[in-house]
$ cat model22.txt   # compact mmCIF, C-alpha atoms
# COMPACT_ATOMS: atom_id res chain seq x y z
CA MET A 1 -73.97 14.06 0.35
CA MET A 2 -71.42 16.49 -1.05
CA LYS A 3 -70.07 15.49 -4.47
CA SER A 4 -66.34 14.97 -4.74
CA TYR A 5 -64.50 17.38 -7.03
CA THR A 6 -62.12 16.03 -9.63
CA PRO A 7 -59.77 18.72 -10.94
CA MET A 8 -59.51 19.07 -14.70
CA LYS A 9 -56.48 17.41 -16.21
CA LYS A 10 -54.02 19.93 -17.62
CA ILE A 11 -53.61 20.03 -21.39
CA LYS A 12 -50.31 18.44 -22.43
CA LEU A 13 -48.57 20.77 -24.89
CA MET A 14 -45.43 19.51 -26.62
CA ILE A 15 -43.17 22.22 -28.07
CA ILE A 16 -40.69 21.12 -30.74
CA ALA A 17 -37.76 23.49 -31.14
CA PRO A 18 -33.96 23.38 -31.43
CA TYR A 19 -33.23 25.46 -28.32
CA CYS A 20 -34.95 26.93 -25.28
CA ALA A 21 -32.92 29.33 -23.14
CA SER A 22 -33.17 32.80 -21.64
CA ASP A 23 -29.58 33.67 -22.55
CA LYS A 24 -29.46 32.88 -26.27
CA GLY A 25 -30.78 34.41 -29.50
CA GLY A 26 -34.28 35.31 -30.62
CA ASP A 27 -35.69 31.86 -31.49
CA SER A 28 -34.39 30.26 -28.32
CA LEU A 29 -35.52 33.13 -26.13
CA GLY A 30 -38.91 33.07 -27.84
CA VAL A 31 -39.40 29.42 -26.87
CA PHE A 32 -38.29 30.15 -23.30
CA ARG A 33 -40.71 33.06 -22.94
CA TRP A 34 -43.55 31.04 -24.49
CA ILE A 35 -43.12 28.26 -21.94
CA GLN A 36 -42.80 30.84 -19.18
CA MET A 37 -46.13 32.32 -20.28
CA LEU A 38 -48.01 28.99 -20.19
CA ARG A 39 -46.36 26.71 -17.64
CA ASP A 40 -48.90 27.48 -14.90
CA LYS A 41 -51.84 26.75 -17.22
CA MET A 42 -50.62 23.65 -19.05
CA GLU A 43 -48.29 20.68 -18.76
CA ILE A 44 -45.40 21.66 -21.03
CA TRP A 45 -43.32 19.03 -22.82
CA TYR A 46 -40.21 20.40 -24.48
CA PHE A 47 -38.90 18.25 -27.35
CA SER A 48 -35.45 19.56 -28.29
CA THR A 49 -33.74 18.84 -31.60
CA GLU A 50 -30.34 20.19 -30.51
CA GLN A 51 -30.31 21.08 -26.81
CA THR A 52 -29.30 18.09 -24.68
CA ASN A 53 -30.24 19.45 -21.25
CA ASN A 54 -33.55 20.36 -19.68
CA PRO A 55 -33.93 24.17 -19.55
CA ASP A 56 -35.49 23.81 -16.07
CA ILE A 57 -38.69 25.47 -17.15
CA ALA A 58 -40.60 22.68 -18.96
CA HIS A 59 -42.42 19.98 -17.02
CA ARG A 60 -41.04 17.18 -19.21
CA PHE A 61 -37.98 17.11 -21.48
CA PHE A 62 -37.13 15.02 -24.54
CA TYR A 63 -34.17 15.14 -26.90
CA GLN A 64 -33.64 13.82 -30.40
CA ASN A 65 -30.87 15.12 -32.62
CA CYS A 66 -32.03 16.60 -35.93
CA ALA A 67 -29.04 18.05 -37.78
CA ASP A 68 -29.39 21.74 -38.65
CA SER A 69 -26.00 22.44 -40.23
CA PRO A 70 -25.66 24.50 -43.44
CA LEU A 71 -25.33 21.22 -45.37
CA SER A 72 -28.45 19.76 -43.79
CA LYS A 73 -30.37 22.96 -44.57
CA ILE A 74 -29.43 22.60 -48.22
CA LYS A 75 -30.49 18.94 -48.08
CA LYS A 76 -33.84 19.92 -46.57
CA ALA A 77 -34.49 22.36 -49.38
CA TRP A 78 -33.28 19.85 -51.96
CA THR A 79 -35.63 17.14 -50.69
CA TYR A 80 -38.63 19.47 -50.36
CA TYR A 81 -37.77 19.60 -46.65
CA LYS A 82 -38.95 16.00 -46.26
CA THR A 83 -36.11 15.15 -43.92
CA ASP A 84 -36.46 11.59 -42.68
CA TYR A 85 -36.71 12.13 -38.95
CA SER A 86 -36.82 8.87 -37.02
CA LYS A 87 -39.93 8.27 -34.96
CA PRO A 88 -39.66 9.60 -31.39
CA ASN A 89 -40.18 6.99 -28.70
CA PHE A 90 -43.12 8.22 -26.60
CA LEU A 91 -45.18 6.04 -24.30
CA GLU A 92 -48.04 8.54 -24.48
CA LYS A 93 -49.11 11.28 -26.85
CA PRO A 94 -49.36 14.98 -26.08
CA ASP A 95 -52.70 16.69 -26.57
CA ILE A 96 -51.28 19.43 -28.82
CA ILE A 97 -48.00 19.88 -30.66
CA GLN A 98 -46.50 23.28 -31.37
CA ILE A 99 -43.61 23.37 -33.86
CA HIS A 100 -41.30 26.38 -33.65
CA ASN A 101 -39.80 26.17 -37.12
CA PRO A 102 -41.19 24.88 -40.42
CA HIS A 103 -37.93 22.92 -40.85
CA PHE A 104 -39.22 20.43 -38.27
CA TRP A 105 -42.79 20.18 -39.54
CA ALA A 106 -42.08 16.64 -40.81
CA LEU A 107 -41.75 15.46 -37.19
CA GLY A 108 -45.48 16.03 -36.79
CA CYS A 109 -46.30 13.06 -39.04
CA HIS A 110 -45.31 10.74 -36.18
CA PHE A 111 -48.24 12.03 -34.11
CA PRO A 112 -51.38 11.36 -36.18
CA GLY A 113 -54.58 12.83 -34.84
CA VAL A 114 -52.82 15.38 -32.62
CA PRO A 115 -53.56 19.05 -33.54
CA LYS A 116 -50.40 20.75 -34.74
CA ILE A 117 -49.76 24.49 -34.37
CA LEU A 118 -47.03 26.34 -36.22
CA TRP A 119 -45.15 29.17 -34.50
CA GLU A 120 -43.52 31.38 -37.12
CA HIS A 121 -40.61 33.43 -35.82
CA ASP A 122 -39.88 34.66 -39.36
CA VAL A 123 -41.47 34.51 -42.77
CA ASN A 124 -38.98 31.87 -43.84
CA TRP A 125 -39.31 32.41 -47.58
CA ASN A 126 -38.37 36.09 -47.15
CA PHE A 127 -35.46 35.33 -44.84
CA LEU A 128 -34.22 32.56 -47.12
CA LYS A 129 -34.40 34.84 -50.15
CA HIS A 130 -31.98 37.30 -48.59
CA ASP A 131 -29.79 34.64 -46.95
CA MET A 132 -29.34 32.85 -50.27
CA THR A 133 -28.05 36.08 -51.78
CA HIS A 134 -26.01 37.55 -48.94
CA GLY A 135 -25.60 34.84 -46.31
CA PRO A 136 -22.98 32.10 -46.00
CA THR A 137 -25.24 29.09 -46.64
CA LEU A 138 -24.90 28.96 -50.45
CA LYS A 139 -21.81 31.13 -50.85
CA LYS A 140 -19.56 28.24 -51.90
CA ILE A 141 -22.10 26.28 -53.96
CA PRO A 142 -21.16 26.07 -57.67
CA PHE A 143 -23.66 27.66 -60.05
CA LYS A 144 -25.61 29.06 -57.10
CA LYS A 145 -27.40 31.57 -59.35
CA LEU A 146 -28.93 28.62 -61.19
CA TRP A 147 -29.84 26.69 -58.05
CA ARG A 148 -31.15 29.61 -55.97
CA PRO A 149 -34.57 30.14 -57.66
CA TRP A 150 -35.36 26.45 -57.56
CA LEU A 151 -34.29 25.97 -53.94
CA LEU A 152 -36.26 29.04 -52.89
CA TRP A 153 -39.34 27.81 -54.75
CA ARG A 154 -39.12 24.38 -53.09
CA ALA A 155 -38.69 25.86 -49.61
CA THR A 156 -41.56 28.30 -50.18
CA GLN A 157 -43.85 25.52 -51.34
CA TYR A 158 -43.01 23.50 -48.25
CA GLU A 159 -43.66 26.39 -45.90
CA LYS A 160 -46.99 27.02 -47.61
CA LYS A 161 -47.88 23.37 -47.16
CA ALA A 162 -47.07 23.52 -43.43
CA LEU A 163 -49.13 26.70 -43.07
CA LYS A 164 -52.11 25.03 -44.75
CA GLN A 165 -51.85 21.88 -42.63
CA ALA A 166 -51.47 23.66 -39.30
CA ALA A 167 -54.48 23.74 -37.02
CA HIS A 168 -53.47 27.29 -36.14
CA ILE A 169 -50.54 29.65 -36.74
CA PHE A 170 -48.91 32.09 -34.36
CA ALA A 171 -47.16 35.02 -36.06
CA ILE A 172 -45.21 37.57 -34.08
CA SER A 173 -46.18 40.68 -36.04
CA GLU A 174 -49.03 42.03 -38.15
CA THR A 175 -46.48 42.51 -40.94
CA ASP A 176 -45.76 38.78 -41.00
CA LYS A 177 -49.45 37.91 -40.85
CA LYS A 178 -50.11 40.10 -43.88
CA GLU A 179 -47.29 38.36 -45.74
CA PHE A 180 -48.79 34.92 -45.03
CA THR A 181 -52.33 35.92 -45.94
CA LYS A 182 -51.19 37.75 -49.07
CA LYS A 183 -49.93 34.44 -50.48
CA LEU A 184 -52.60 32.30 -48.79
CA PRO A 185 -55.80 34.36 -48.20
CA ALA A 186 -57.57 31.34 -46.69
CA LEU A 187 -55.30 31.62 -43.64
CA GLU A 188 -56.86 34.90 -42.49
CA ASN A 189 -58.89 33.37 -39.67
CA LYS A 190 -56.28 30.94 -38.43
CA VAL A 191 -53.33 33.28 -37.94
CA THR A 192 -53.07 35.03 -34.58
CA VAL A 193 -50.44 37.65 -33.82
CA ILE A 194 -48.72 37.14 -30.46
CA PRO A 195 -45.77 39.55 -30.34
CA ASN A 196 -42.45 38.75 -28.73
CA SER A 197 -43.15 39.38 -25.06
CA LEU A 198 -41.48 39.27 -21.68
CA ASP A 199 -42.14 39.78 -18.00
CA PRO A 200 -41.31 43.49 -17.43
CA SER A 201 -40.69 42.84 -13.73
CA HIS A 202 -37.51 40.93 -14.69
CA TYR A 203 -36.09 43.99 -16.44
CA PRO A 204 -35.29 46.77 -13.95
CA ALA A 205 -35.77 50.14 -15.61
CA THR A 206 -33.28 52.83 -14.70
CA ASP A 207 -32.75 56.53 -15.41
CA ALA A 208 -28.99 56.14 -15.00
CA LEU A 209 -26.99 57.21 -18.05
CA GLY A 210 -24.91 54.52 -19.67
CA ASP A 211 -21.51 54.97 -21.25
CA THR A 212 -21.64 52.69 -24.33
CA VAL A 213 -23.32 52.29 -27.71
CA LEU A 214 -24.52 48.68 -27.63
CA PHE A 215 -25.51 46.13 -30.27
CA MET A 216 -26.72 42.72 -29.15
CA GLY A 217 -27.13 39.50 -31.08
CA PRO A 218 -25.34 36.21 -31.80
CA LEU A 219 -23.02 36.37 -34.82
CA SER A 220 -24.22 32.93 -35.92
CA TYR A 221 -27.27 34.72 -37.37
CA SER A 222 -26.46 36.22 -40.76
CA ALA A 223 -28.55 39.36 -40.21
CA ASN A 224 -26.55 40.09 -37.05
CA ARG A 225 -23.25 39.55 -38.84
CA ASP A 226 -24.39 42.00 -41.48
CA ALA A 227 -25.26 44.53 -38.73
CA VAL A 228 -21.77 44.16 -37.24
CA GLU A 229 -20.31 44.87 -40.69
CA ILE A 230 -22.33 48.09 -40.76
CA ILE A 231 -21.11 49.07 -37.28
CA CYS A 232 -17.47 48.43 -38.18
CA GLN A 233 -17.55 49.99 -41.65
CA GLU A 234 -20.15 52.76 -41.40
CA LEU A 235 -21.02 53.80 -37.85
CA ALA A 236 -17.97 53.43 -35.61
CA PRO A 237 -15.64 55.21 -38.10
CA ARG A 238 -18.04 58.17 -38.17
CA LEU A 239 -18.14 58.31 -34.36
CA PRO A 240 -14.60 57.51 -33.18
CA GLN A 241 -15.23 59.30 -29.85
CA PHE A 242 -17.92 56.78 -28.79
CA PRO A 243 -17.28 53.25 -27.45
CA PHE A 244 -19.25 50.61 -29.40
CA LYS A 245 -19.78 47.20 -27.81
CA ILE A 246 -21.00 44.02 -29.51
CA LEU A 247 -22.67 41.50 -27.19
CA GLY A 248 -23.21 38.00 -28.56
CA GLY A 249 -21.52 34.69 -29.24
CA GLY A 250 -19.42 34.08 -32.32
CA THR A 251 -16.31 35.68 -33.80
CA TYR A 252 -15.65 38.57 -36.15
CA GLU A 253 -12.38 37.89 -37.94
CA LYS A 254 -12.08 41.05 -40.02
CA PRO A 255 -10.17 44.15 -38.85
CA HIS A 256 -12.37 46.54 -36.88
CA PRO A 257 -12.06 50.10 -35.53
CA LYS A 258 -10.40 50.61 -32.16
CA ASN A 259 -13.62 51.95 -30.66
CA VAL A 260 -15.44 48.63 -31.28
CA GLU A 261 -15.19 45.97 -28.55
CA PHE A 262 -16.51 42.42 -28.86
CA LEU A 263 -17.79 41.09 -25.53
CA GLY A 264 -18.67 37.60 -26.72
CA PHE A 265 -21.42 35.59 -25.06
CA LEU A 266 -22.52 36.59 -21.57
CA PRO A 267 -25.17 34.59 -19.68
CA ASP A 268 -26.63 37.69 -18.01
CA ILE A 269 -27.28 40.57 -20.43
CA LEU A 270 -29.00 42.92 -17.98
CA PRO A 271 -25.86 44.56 -16.53
CA ILE A 272 -24.58 45.30 -20.05
CA LEU A 273 -27.97 46.62 -21.16
CA SER A 274 -28.08 48.94 -18.17
CA GLN A 275 -24.70 50.38 -19.21
CA ALA A 276 -25.90 51.34 -22.69
CA ARG A 277 -26.66 55.00 -23.28
CA VAL A 278 -27.80 54.16 -26.82
CA PHE A 279 -28.91 50.75 -28.04
CA ILE A 280 -28.60 50.27 -31.81
CA VAL A 281 -30.23 47.89 -34.30
CA PRO A 282 -28.66 48.46 -37.76
CA ILE A 283 -30.49 45.46 -39.24
CA ARG A 284 -31.08 45.35 -43.01
CA TYR A 285 -33.04 42.12 -43.44
CA GLY A 286 -35.06 39.45 -41.66
CA SER A 287 -38.65 39.44 -40.40
CA GLY A 288 -40.60 38.97 -37.19
CA THR A 289 -39.90 41.35 -34.35
CA ARG A 290 -36.60 41.90 -32.56
CA PHE A 291 -36.52 40.62 -29.00
CA LYS A 292 -33.43 42.76 -28.54
CA ILE A 293 -35.48 45.93 -29.08
CA VAL A 294 -38.21 44.80 -26.68
CA GLU A 295 -35.58 44.03 -24.04
CA ALA A 296 -33.77 47.34 -24.52
CA LEU A 297 -37.04 49.27 -24.27
CA ALA A 298 -37.98 47.30 -21.15
CA MET A 299 -34.69 48.49 -19.61
CA GLN A 300 -35.63 52.08 -20.52
CA ARG A 301 -32.76 52.47 -22.99
CA ALA A 302 -32.86 54.85 -25.96
CA VAL A 303 -33.01 52.78 -29.17
CA VAL A 304 -31.90 53.73 -32.68
CA SER A 305 -32.99 51.28 -35.37
CA THR A 306 -33.44 50.89 -39.09
CA PRO A 307 -37.02 50.55 -40.36
CA LYS A 308 -36.33 46.86 -41.04
CA GLY A 309 -34.97 46.37 -37.51
CA ALA A 310 -38.12 47.90 -35.99
CA GLU A 311 -40.46 46.16 -38.43
CA GLY A 312 -43.47 44.52 -36.82
CA LEU A 313 -43.32 46.66 -33.68
CA GLU A 314 -46.05 49.25 -33.37
CA ILE A 315 -43.64 51.94 -32.25
CA THR A 316 -43.30 55.52 -33.42
CA HIS A 317 -40.25 57.46 -34.54
CA ARG A 318 -39.15 59.96 -31.90
CA THR A 319 -41.98 58.93 -29.56
CA ASN A 320 -40.52 55.71 -28.14
CA ILE A 321 -37.73 54.90 -30.62
CA TRP A 322 -35.52 56.66 -33.17
CA ILE A 323 -35.63 55.27 -36.72
CA GLU A 324 -33.23 56.03 -39.55
CA LYS A 325 -32.71 54.25 -42.86
CA ASP A 326 -29.35 55.63 -44.04
CA TRP A 327 -26.08 55.41 -42.13
CA GLU A 328 -25.15 59.09 -42.00
CA PRO A 329 -28.40 60.14 -40.24
CA PHE A 330 -28.22 56.92 -38.20
CA ALA A 331 -24.83 58.01 -36.85
CA LYS A 332 -26.12 61.54 -36.22
CA ALA A 333 -29.04 60.10 -34.23
CA ILE A 334 -26.59 58.20 -31.99
CA GLU A 335 -24.61 61.40 -31.48
CA ARG A 336 -27.72 63.44 -30.70
CA LEU A 337 -29.05 61.00 -28.12
CA TRP A 338 -25.61 60.72 -26.53
CA ASN A 339 -25.14 64.47 -26.27
CA HIS A 340 -28.75 65.19 -25.25
CA PRO A 341 -29.39 62.56 -22.57
CA GLU A 342 -32.71 64.08 -21.55
CA GLU A 343 -34.08 63.19 -24.99
CA GLY A 344 -32.77 59.64 -24.67
CA GLN A 345 -34.35 59.31 -21.24
CA ARG A 346 -37.69 60.53 -22.60
CA LEU A 347 -37.56 57.88 -25.36
CA GLY A 348 -36.57 55.24 -22.83
CA LYS A 349 -39.46 55.94 -20.48
CA ALA A 350 -41.95 55.90 -23.36
CA GLY A 351 -40.40 52.64 -24.57
CA ARG A 352 -40.79 51.03 -21.16
CA GLN A 353 -44.46 52.01 -21.05
CA PHE A 354 -44.94 50.59 -24.55
CA VAL A 355 -43.49 47.22 -23.49
CA GLU A 356 -45.66 47.06 -20.37
CA GLU A 357 -48.77 47.67 -22.47
CA ARG A 358 -48.07 45.69 -25.65
CA HIS A 359 -45.35 43.11 -24.94
CA ASN A 360 -46.28 41.84 -21.49
CA LEU A 361 -46.44 38.02 -21.27
CA LYS A 362 -49.32 38.05 -18.84
CA LYS A 363 -51.55 39.93 -21.27
CA HIS A 364 -51.36 37.21 -23.95
CA ALA A 365 -51.62 33.99 -21.93
CA ASP A 366 -55.44 33.76 -21.81
CA LEU A 367 -55.85 34.26 -25.57
CA VAL A 368 -53.20 31.64 -26.37
CA PHE A 369 -54.76 29.15 -23.96
CA GLN A 370 -58.18 29.67 -25.57
CA ILE A 371 -56.72 28.95 -29.00
CA TYR A 372 -55.32 25.65 -27.72
CA GLN A 373 -58.71 24.71 -26.31
CA ASN A 374 -60.32 25.53 -29.66
CA ALA A 375 -57.73 23.41 -31.46
CA LEU A 376 -58.59 20.43 -29.26
CA GLN A 377 -62.24 20.89 -30.21
CA GLY A 378 -61.39 21.26 -33.90
CA GLU A 379 -62.35 24.93 -33.93
CA ALA A 380 -58.94 26.69 -34.20
$ encode --input "model22.txt" --output "structure tokens"
Amino acid sequence: MMKSYTPMKKIKLMIIAPYCASDKGGDSLGVFRWIQMLRDKMEIWYFSTEQTNNPDIAHRFFYQNCADSPLSKIKKAWTYYKTDYSKPNFLEKPDIIQIHNPHFWALGCHFPGVPKILWEHDVNWNFLKHDMTHGPTLKKIPFKKLWRPWLLWRATQYEKKALKQAAHIFAISETDKKEFTKKLPALENKVTVIPNSLDPSHYPATDALGDTVLFMGPLSYSANRDAVEIICQELAPRLPQFPFKILGGGTYEKPHPKNVEFLGFLPDILPILSQARVFIVPIRYGSGTRFKIVEALAMQRAVVSTPKGAEGLEITHRTNIWIEKDWEPFAKAIERLWNHPEEGQRLGKAGRQFVEERHNLKKHADLVFQIYQNALQGEA
């Protein structure tokens, strides 16, 4: 008699994150791409802390509000990030939990015995260090110079604790992994680098020349606001003959040059990307890797970036990207690639090949799935 075959039950992975969408900023897009990478291999539960609607990509959707305002961020740091999240009401447990921000690590305590994986989009202690100095979060706090070292120390200690407790950690660049293991050498074997990735088939490459200099990123992110300041104060004034466009939600209330246009939020970025002759990333701080660069390279656009903007990407100056640190040569690079389109097209084609080889979702799925299986067996 032939034995009946019982198919293996899919692993239930619950992802905890504020947002999941293909048309928002880096964190949200990272969650969307991660689910896209795994949804055929696993049963994906998306537990949102801010987004009230199902992103139509997860198999199951849950929502519980967890405030993430500037005031709540200060409170989290003040209380050692031990925010009192109420217990989620689940009739059954997931097999694995993946938390996409250390801020929400405390939610994991409501799921004892479930392996918890931490996905680090940034090295938060480095980002917080710069944001506390230059960002808006603590700008109006009295005696901030006295509070800043203590708040940073508390946040760093909490992030270290989450890193130690995690069954496994996903970093998105070797640079970030080195930062974690420099402070916590014992993490060496439980940090895996999975770079920001996408499905190249969704990004049609084109040789057509664009007619704009494009920057992309929501202005709610302080590093992007800083980049827009650089465009308006340093780059656009040096290149008044070129049209600069800023794509991303949020407002810029300061006066800006006439050759800078703010497009606001657009749900479909691909038509705007295809119109860019030069894509720029004048980023001065942050960590991780920039999804915006990966997307622009996938569209075969010529990219000019700062070293910080390109950090974590294994790309090479003048091979598949143009990198400049100071604003005068940065502006000259834009001008050169605009006036010598054949050089921009060469960079774009090399960039597209780089994305297909190194940032292709399909090439990371098997490794990630194996790590989940190891975590279930206590081996991650």
$ closest_residue --input "model22.txt" --among "A:Glu234, A:Glu356, A:Asp226, A:Asp268" --to "Tyr252 in chain A" --atoms "only C-alpha atoms"
A:Asp226
$ residues_around --input "model22.txt" --residues "range 161-164 of chain A" --least-positions-apart "2" --cutoff "7 Å" --atoms "all atoms listed in the file" --output "MDAnalysis selection string"
chainID A and resid 102 105 157:159 166
$ closest_residue --input "model22.txt" --among "A:Lys245, A:Glu328, A:Glu261, A:Gly312" --to "Val123 in chain A" --atoms "only C-alpha atoms"
A:Gly312
$ closest_residue --input "model22.txt" --among "A:Trp327, A:Tyr46, A:Phe369, A:Tyr203" --to "Gln233 in chain A" --atoms "all atoms listed in the file"
A:Trp327
$ closest_atom_pairs --input "model22.txt" --of "range 246-277 of chain A" --to "range 207-222 of chain A" --cutoff "8 Å" --atoms "all atoms listed in the file" --output "CSV"
residue,atom,partner,partner_atom,distance
A:Ile246,CA,A:Phe215,CA,5.0
A:Leu247,CA,A:Met216,CA,4.7
A:Gly248,CA,A:Pro218,CA,4.3
A:Gly249,CA,A:Pro218,CA,4.8
A:Gly250,CA,A:Leu219,CA,4.9
A:Thr251,CA,A:Leu219,CA,6.8
A:Tyr252,CA,A:Leu219,CA,7.8
A:Phe265,CA,A:Pro218,CA,7.8
A:Leu273,CA,A:Leu214,CA,7.6
A:Ser274,CA,A:Gly210,CA,6.6
A:Gln275,CA,A:Gly210,CA,4.2
A:Ala276,CA,A:Gly210,CA,4.5
A:Arg277,CA,A:Gly210,CA,4.0
$ atom_distance --input "model22.txt" --atom1 "CA of Phe279 in chain A" --atom2 "CA of Val303 in chain A"
4.7 Å
$ atom_distance --input "model22.txt" --atom1 "CA of Leu263 in chain A" --atom2 "CA of Phe330 in chain A"
22.8 Å
$ atom_distance --input "model22.txt" --atom1 "CA of Leu376 in chain A" --atom2 "CA of Ser48 in chain A"
23.2 Å
$ closest_residue --input "model22.txt" --among "A:Ile283, A:Ala375, A:Leu239, A:Val193" --to "Pro115 in chain A" --atoms "all atoms listed in the file"
A:Ala375
$ closest_residue --input "model22.txt" --among "A:Val304, A:Leu313, A:Leu184, A:Met42" --to "Arg336 in chain A" --atoms "all atoms listed in the file"
A:Val304
$ closest_residue --input "model22.txt" --among "A:His100, A:Arg301, A:His364, A:Lys332" --to "Ala350 in chain A" --atoms "only C-alpha atoms"
A:Arg301
$ residues_around --input "model22.txt" --residues "range 59-61 of chain A" --least-positions-apart "6" --cutoff "9 Å" --atoms "only C-alpha atoms" --output "JSON, numbers by chain"
{"A": [14, 39, 43, 44, 45, 46, 47, 48, 53]}
$ axis_aligned_box --input "model22.txt" --around "range 333-345 of chain A" --padding-each-side "4 Å" --output "lines of an AutoDock Vina configuration file"
center_x = -29.5
center_y = 61.7
center_z = -27.7
size_x = 17.7
size_y = 15.0
size_z = 21.0
$ residues_around --input "model22.txt" --residues "Leu152 in chain A" --least-positions-apart "2" --cutoff "9 Å" --atoms "only C-alpha atoms" --output "list of chain:residue names"
A:Ala77, A:Trp125, A:Leu128, A:Lys129, A:Met132, A:Trp147, A:Arg148, A:Pro149, A:Trp150, A:Arg154, A:Ala155, A:Thr156, A:Gln157
$ residues_around --input "model22.txt" --residues "Gly344 in chain A" --least-positions-apart "3" --cutoff "8 Å" --atoms "all atoms listed in the file" --output "list in words"
Arg277, Val278, Arg301, Ala302, Leu337, Trp338, His340, Pro341, Leu347 and Gly348 of chain A
$ residues_around --input "model22.txt" --residues "Lys116 in chain A" --least-positions-apart "4" --cutoff "6 Å" --atoms "all atoms listed in the file" --output "list in words"
Ile97, Gln98, Ala166 and Ala167 of chain A
$ build_atoms --input "model22.txt" --residues "range 199-215 of chain A" --atoms "N, CA and C atoms" --output "PDB file, keeping the file's coordinate frame"
ATOM      1  N   ASP A 199     -41.609  39.350 -19.296  1.00  0.00           N
ATOM      2  CA  ASP A 199     -42.140  39.780 -18.000  1.00  0.00           C
ATOM      3  C   ASP A 199     -41.381  41.047 -17.610  1.00  0.00           C
ATOM      4  N   PRO A 200     -42.019  42.232 -17.704  1.00  0.00           N
ATOM      5  CA  PRO A 200     -41.310  43.490 -17.430  1.00  0.00           C
ATOM      6  C   PRO A 200     -40.674  43.541 -16.039  1.00  0.00           C
ATOM      7  N   SER A 201     -41.233  42.787 -15.092  1.00  0.00           N
ATOM      8  CA  SER A 201     -40.690  42.840 -13.730  1.00  0.00           C
ATOM      9  C   SER A 201     -39.266  42.266 -13.661  1.00  0.00           C
ATOM     10  N   HIS A 202     -38.866  41.498 -14.670  1.00  0.00           N
ATOM     11  CA  HIS A 202     -37.510  40.930 -14.690  1.00  0.00           C
ATOM     12  C   HIS A 202     -36.497  41.886 -15.317  1.00  0.00           C
ATOM     13  N   TYR A 203     -36.966  43.024 -15.782  1.00  0.00           N
ATOM     14  CA  TYR A 203     -36.090  43.990 -16.440  1.00  0.00           C
ATOM     15  C   TYR A 203     -36.156  45.321 -15.688  1.00  0.00           C
ATOM     16  N   PRO A 204     -35.244  45.547 -14.771  1.00  0.00           N
ATOM     17  CA  PRO A 204     -35.290  46.770 -13.950  1.00  0.00           C
ATOM     18  C   PRO A 204     -34.993  48.015 -14.778  1.00  0.00           C
ATOM     19  N   ALA A 205     -35.970  48.877 -14.892  1.00  0.00           N
ATOM     20  CA  ALA A 205     -35.770  50.140 -15.610  1.00  0.00           C
ATOM     21  C   ALA A 205     -34.947  51.093 -14.762  1.00  0.00           C
ATOM     22  N   THR A 206     -34.132  51.895 -15.426  1.00  0.00           N
ATOM     23  CA  THR A 206     -33.280  52.830 -14.700  1.00  0.00           C
ATOM     24  C   THR A 206     -33.101  54.121 -15.497  1.00  0.00           C
ATOM     25  N   ASP A 207     -33.023  55.240 -14.780  1.00  0.00           N
ATOM     26  CA  ASP A 207     -32.750  56.530 -15.410  1.00  0.00           C
ATOM     27  C   ASP A 207     -31.244  56.797 -15.548  1.00  0.00           C
ATOM     28  N   ALA A 208     -30.432  55.921 -14.975  1.00  0.00           N
ATOM     29  CA  ALA A 208     -28.990  56.140 -15.000  1.00  0.00           C
ATOM     30  C   ALA A 208     -28.467  56.170 -16.435  1.00  0.00           C
ATOM     31  N   LEU A 209     -27.573  57.116 -16.706  1.00  0.00           N
ATOM     32  CA  LEU A 209     -26.990  57.210 -18.050  1.00  0.00           C
ATOM     33  C   LEU A 209     -25.916  56.151 -18.231  1.00  0.00           C
ATOM     34  N   GLY A 210     -25.955  55.479 -19.358  1.00  0.00           N
ATOM     35  CA  GLY A 210     -24.910  54.520 -19.670  1.00  0.00           C
ATOM     36  C   GLY A 210     -23.730  55.210 -20.334  1.00  0.00           C
ATOM     37  N   ASP A 211     -22.721  54.394 -20.650  1.00  0.00           N
ATOM     38  CA  ASP A 211     -21.510  54.970 -21.250  1.00  0.00           C
ATOM     39  C   ASP A 211     -21.053  54.183 -22.483  1.00  0.00           C
ATOM     40  N   THR A 212     -21.991  53.436 -23.126  1.00  0.00           N
ATOM     41  CA  THR A 212     -21.640  52.690 -24.330  1.00  0.00           C
ATOM     42  C   THR A 212     -22.747  52.803 -25.366  1.00  0.00           C
ATOM     43  N   VAL A 213     -22.364  52.515 -26.622  1.00  0.00           N
ATOM     44  CA  VAL A 213     -23.320  52.290 -27.710  1.00  0.00           C
ATOM     45  C   VAL A 213     -23.328  50.779 -27.929  1.00  0.00           C
ATOM     46  N   LEU A 214     -24.468  50.140 -27.708  1.00  0.00           N
ATOM     47  CA  LEU A 214     -24.520  48.680 -27.630  1.00  0.00           C
ATOM     48  C   LEU A 214     -25.327  48.078 -28.778  1.00  0.00           C
ATOM     49  N   PHE A 215     -24.752  47.011 -29.366  1.00  0.00           N
ATOM     50  CA  PHE A 215     -25.510  46.130 -30.270  1.00  0.00           C
ATOM     51  C   PHE A 215     -25.489  44.747 -29.659  1.00  0.00           C
TER      52      PHE A 215
END
